[in-house]
Amino acid sequence: LTSLRVPAGLKVTLWENGLRSGNKMICVRDTPDVRPPVNNTTSAIVVEKLVNAKVIVYTGSDFTGWSQELDLGEHSSLSIGNDTLSSVIVPAGLKVTLWENGLRSGKRMVCISDKADVGDSADDEISAAVVEKLGALRPIAYTDVDYKGWGWELDAGENRSLAIGNDELSSLLIPPGWRVTIWENGIQAGKKAIFVKNTPAVGYSANDEASAAL
């Protein structure tokens, strides 16, 4: 098996070593190329109706490779393996936080939508995950352009330091009604840039220059 067409409302699970045996790949959309290591290694297939869509993490980019569904709650380890995650499907109404060194340890990436590529800084660096229902939206700052890489939500008011790191910010997700001002050398210090909408790249002069946000 090399490619797969999946009609809306269905879920297909490809099993490596027979029904519910070995690694698996979960497909909830058309997959023109399952890619290695799944390519030509499928021994059994399960087709189901897609009910109560869950977060799905994949070892490959573009939702390919071995995968795992994540229920609501904490996942201290991942069955796809440590430091193997490259992409993630996030159904509407859910939020997943991917952690570098275990639950609430190390850097983290907040995802509120699908990521076909988690970005260079987070790729193959994830050890744990927390899945929650999506509450009130807040701005999210990311280390990579296009809302990829390590990322964390900003609080309303002064953010005197950035959880993603000093001089690391490259893109911003900004919900309607929010304004984010980033500062070069701390709150009200140095140069600043103001953003009022989603910004996939903060621009050459501001990239990797932010130390605080308001």
# chains A, B, ... in the order shown; residues from 1 in each chain; ligands from 1
$ residues_around --residues "segment 126-132 of chain A" --least-positions-apart "3" --cutoff "8 Å" --atoms "only C-alpha atoms" --output "ChimeraX atom specification"
/A:55,70-78,81-85,94-103,122-123
$ atom_distance --atom1 "atom CA of Leu14 of chain A" --atom2 "atom CA of Ser87 of chain A"
17.5 Å
$ closest_residue --among "A:Ser67, A:Ser105, A:Ser113, A:Ser211" --to "Val90 of chain A" --atoms "only C-alpha atoms"
A:Ser113
$ closest_residue --among "A:Ala136, A:Val88, A:Val51, A:Ile187" --to "Gly119 of chain A" --atoms "only C-alpha atoms"
A:Val88
$ select_by_dssp --residues "segment 2-103 of chain A" --states "strand (DSSP E or B)" --output "PyMOL selection string"
chain A and resi 4+10-15+24-27+31+44-49+55-60+64-70+73-75+87-89+94-99
$ write_last_selection --atoms "N, CA and C atoms" --output "tab-separated table (two decimals), in the first residue's frame"
chain	number	residue	atom	x	y	z
A	4	LEU	N	-3.80	6.37	-0.34
A	4	LEU	CA	-5.10	6.04	0.22
A	4	LEU	C	-6.07	7.19	0.01
A	10	LEU	N	-14.99	9.09	7.49
A	10	LEU	CA	-14.41	7.78	7.75
A	10	LEU	C	-13.00	7.91	8.32
A	11	LYS	N	-12.57	6.84	8.99
A	11	LYS	CA	-11.20	6.74	9.52
A	11	LYS	C	-10.63	5.39	9.12
A	12	VAL	N	-9.42	5.39	8.59
A	12	VAL	CA	-8.75	4.16	8.17
A	12	VAL	C	-7.47	3.99	8.98
A	13	THR	N	-7.31	2.82	9.58
A	13	THR	CA	-6.09	2.52	10.34
A	13	THR	C	-5.33	1.42	9.62
A	14	LEU	N	-4.09	1.71	9.28
A	14	LEU	CA	-3.21	0.75	8.63
A	14	LEU	C	-2.32	0.11	9.70
A	15	TRP	N	-2.33	-1.21	9.76
A	15	TRP	CA	-1.55	-1.93	10.78
A	15	TRP	C	-0.34	-2.62	10.15
A	24	LYS	N	1.07	1.57	13.71
A	24	LYS	CA	-0.13	1.86	12.93
A	24	LYS	C	-0.06	3.28	12.38
A	25	MET	N	-0.82	3.49	11.29
A	25	MET	CA	-0.99	4.82	10.73
A	25	MET	C	-2.48	5.09	10.60
A	26	ILE	N	-2.93	6.21	11.17
A	26	ILE	CA	-4.34	6.59	11.16
A	26	ILE	C	-4.56	7.64	10.08
A	27	CYS	N	-5.49	7.39	9.18
A	27	CYS	CA	-5.77	8.31	8.08
A	27	CYS	C	-7.22	8.79	8.16
A	31	THR	N	-4.63	10.54	1.46
A	31	THR	CA	-3.18	10.49	1.69
A	31	THR	C	-2.52	10.00	0.40
A	44	ALA	N	-2.65	-5.18	7.51
A	44	ALA	CA	-4.08	-5.25	7.81
A	44	ALA	C	-4.65	-3.83	7.86
A	45	ILE	N	-5.96	-3.73	7.62
A	45	ILE	CA	-6.63	-2.43	7.56
A	45	ILE	C	-7.95	-2.49	8.32
A	46	VAL	N	-8.24	-1.42	9.07
A	46	VAL	CA	-9.53	-1.28	9.75
A	46	VAL	C	-10.17	0.02	9.27
A	47	VAL	N	-11.42	-0.07	8.80
A	47	VAL	CA	-12.17	1.11	8.35
A	47	VAL	C	-13.34	1.34	9.31
A	48	GLU	N	-13.47	2.57	9.83
A	48	GLU	CA	-14.51	2.91	10.79
A	48	GLU	C	-15.14	4.25	10.44
A	49	LYS	N	-16.32	4.51	10.99
A	49	LYS	CA	-16.87	5.85	10.94
A	49	LYS	C	-16.07	6.73	11.88
A	55	VAL	N	-7.12	14.36	18.61
A	55	VAL	CA	-5.81	14.79	18.16
A	55	VAL	C	-5.04	13.57	17.68
A	56	ILE	N	-4.34	13.70	16.54
A	56	ILE	CA	-3.51	12.60	16.02
A	56	ILE	C	-2.10	13.14	15.78
A	57	VAL	N	-1.11	12.45	16.31
A	57	VAL	CA	0.29	12.84	16.10
A	57	VAL	C	0.95	11.83	15.16
A	58	TYR	N	1.87	12.34	14.34
A	58	TYR	CA	2.52	11.53	13.29
A	58	TYR	C	4.04	11.66	13.37
A	59	THR	N	4.71	10.60	12.94
A	59	THR	CA	6.18	10.63	12.91
A	59	THR	C	6.71	11.35	11.67
A	60	GLY	N	5.89	11.48	10.63
A	60	GLY	CA	6.32	12.14	9.41
A	60	GLY	C	5.58	13.46	9.21
A	64	THR	N	1.87	11.90	7.80
A	64	THR	CA	2.29	10.58	7.32
A	64	THR	C	3.14	9.90	8.40
A	65	GLY	N	3.46	8.64	8.15
A	65	GLY	CA	4.25	7.88	9.12
A	65	GLY	C	3.38	7.23	10.18
A	66	TRP	N	4.01	6.59	11.14
A	66	TRP	CA	3.27	5.97	12.23
A	66	TRP	C	2.59	7.05	13.05
A	67	SER	N	1.45	6.70	13.64
A	67	SER	CA	0.67	7.72	14.32
A	67	SER	C	-0.01	7.19	15.57
A	68	GLN	N	-0.60	8.13	16.32
A	68	GLN	CA	-1.25	7.81	17.58
A	68	GLN	C	-2.35	8.83	17.85
A	69	GLU	N	-3.54	8.35	18.25
A	69	GLU	CA	-4.61	9.24	18.69
A	69	GLU	C	-4.39	9.60	20.16
A	70	LEU	N	-4.70	10.85	20.51
A	70	LEU	CA	-4.55	11.31	21.88
A	70	LEU	C	-5.90	11.71	22.45
A	73	GLY	N	-6.57	14.98	28.07
A	73	GLY	CA	-5.78	14.69	29.25
A	73	GLY	C	-4.30	14.70	28.99
A	74	GLU	N	-3.55	14.16	29.94
A	74	GLU	CA	-2.09	14.17	29.89
A	74	GLU	C	-1.54	12.87	29.30
A	75	HIS	N	-0.50	13.01	28.51
A	75	HIS	CA	0.17	11.86	27.90
A	75	HIS	C	1.67	12.00	28.20
A	87	SER	N	4.30	15.96	12.78
A	87	SER	CA	3.08	16.67	12.38
A	87	SER	C	1.93	16.26	13.30
A	88	VAL	N	0.87	17.08	13.31
A	88	VAL	CA	-0.23	16.82	14.23
A	88	VAL	C	-1.54	17.34	13.63
A	89	ILE	N	-2.60	16.53	13.78
A	89	ILE	CA	-3.95	16.95	13.42
A	89	ILE	C	-4.68	17.36	14.70
A	94	LEU	N	-10.31	21.78	20.08
A	94	LEU	CA	-9.30	21.17	20.94
A	94	LEU	C	-7.99	21.96	20.87
A	95	LYS	N	-7.18	21.79	21.89
A	95	LYS	CA	-5.85	22.39	21.95
A	95	LYS	C	-4.88	21.33	22.46
A	96	VAL	N	-3.72	21.22	21.84
A	96	VAL	CA	-2.71	20.29	22.32
A	96	VAL	C	-1.42	21.05	22.59
A	97	THR	N	-0.82	20.77	23.73
A	97	THR	CA	0.48	21.33	24.08
A	97	THR	C	1.50	20.21	24.03
A	98	LEU	N	2.50	20.39	23.19
A	98	LEU	CA	3.56	19.39	23.01
A	98	LEU	C	4.77	19.81	23.84
A	99	TRP	N	5.27	18.88	24.64
A	99	TRP	CA	6.37	19.20	25.57
A	99	TRP	C	7.66	18.50	25.17
$ closest_atom_pairs --of "segment 169-191 of chain A" --to "segment 144-165 of chain A" --cutoff "7 Å" --atoms "only C-alpha atoms" --output "Markdown table"
| residue | atom | partner | partner_atom | distance |
| --- | --- | --- | --- | --- |
| A:Ser170 | CA | A:Asp144 | CA | 5.1 |
| A:Ser171 | CA | A:Val145 | CA | 5.1 |
| A:Leu172 | CA | A:Tyr147 | CA | 6.6 |
| A:Leu173 | CA | A:Tyr147 | CA | 6.9 |
| A:Gly186 | CA | A:Arg160 | CA | 6.3 |
| A:Ile187 | CA | A:Arg160 | CA | 6.1 |
$ write_last_selection --atoms "C-alpha atoms" --output "PDB file, in the first residue's frame"
ATOM      1  CA  SER A 170       9.324  34.755  14.508  1.00  0.00           C
ATOM      2  CA  SER A 171       5.500  34.578  14.111  1.00  0.00           C
ATOM      3  CA  LEU A 172       2.322  35.452  16.024  1.00  0.00           C
ATOM      4  CA  LEU A 173      -1.211  34.042  16.085  1.00  0.00           C
ATOM      5  CA  GLY A 186      12.206  44.495  27.676  1.00  0.00           C
ATOM      6  CA  ILE A 187       8.916  46.271  28.387  1.00  0.00           C
TER       7      ILE A 187
END
$ closest_residue --among "A:Val38, A:Ala116, A:Val28, A:Ala201" --to "Ser61 of chain A" --atoms "only C-alpha atoms"
A:Ala116
$ atom_distance --atom1 "atom CA of Ser3 of chain A" --atom2 "atom CA of Cys111 of chain A"
26.8 Å
$ closest_residue --among "A:Leu169, A:Val196, A:Val180, A:Ile80" --to "Glu209 of chain A" --atoms "only C-alpha atoms"
A:Leu169
$ residues_around --residues "Thr181 of chain A" --least-positions-apart "5" --cutoff "7 Å" --atoms "only C-alpha atoms" --output "VMD selection string"
chain A and resid 192 to 195 213 to 214
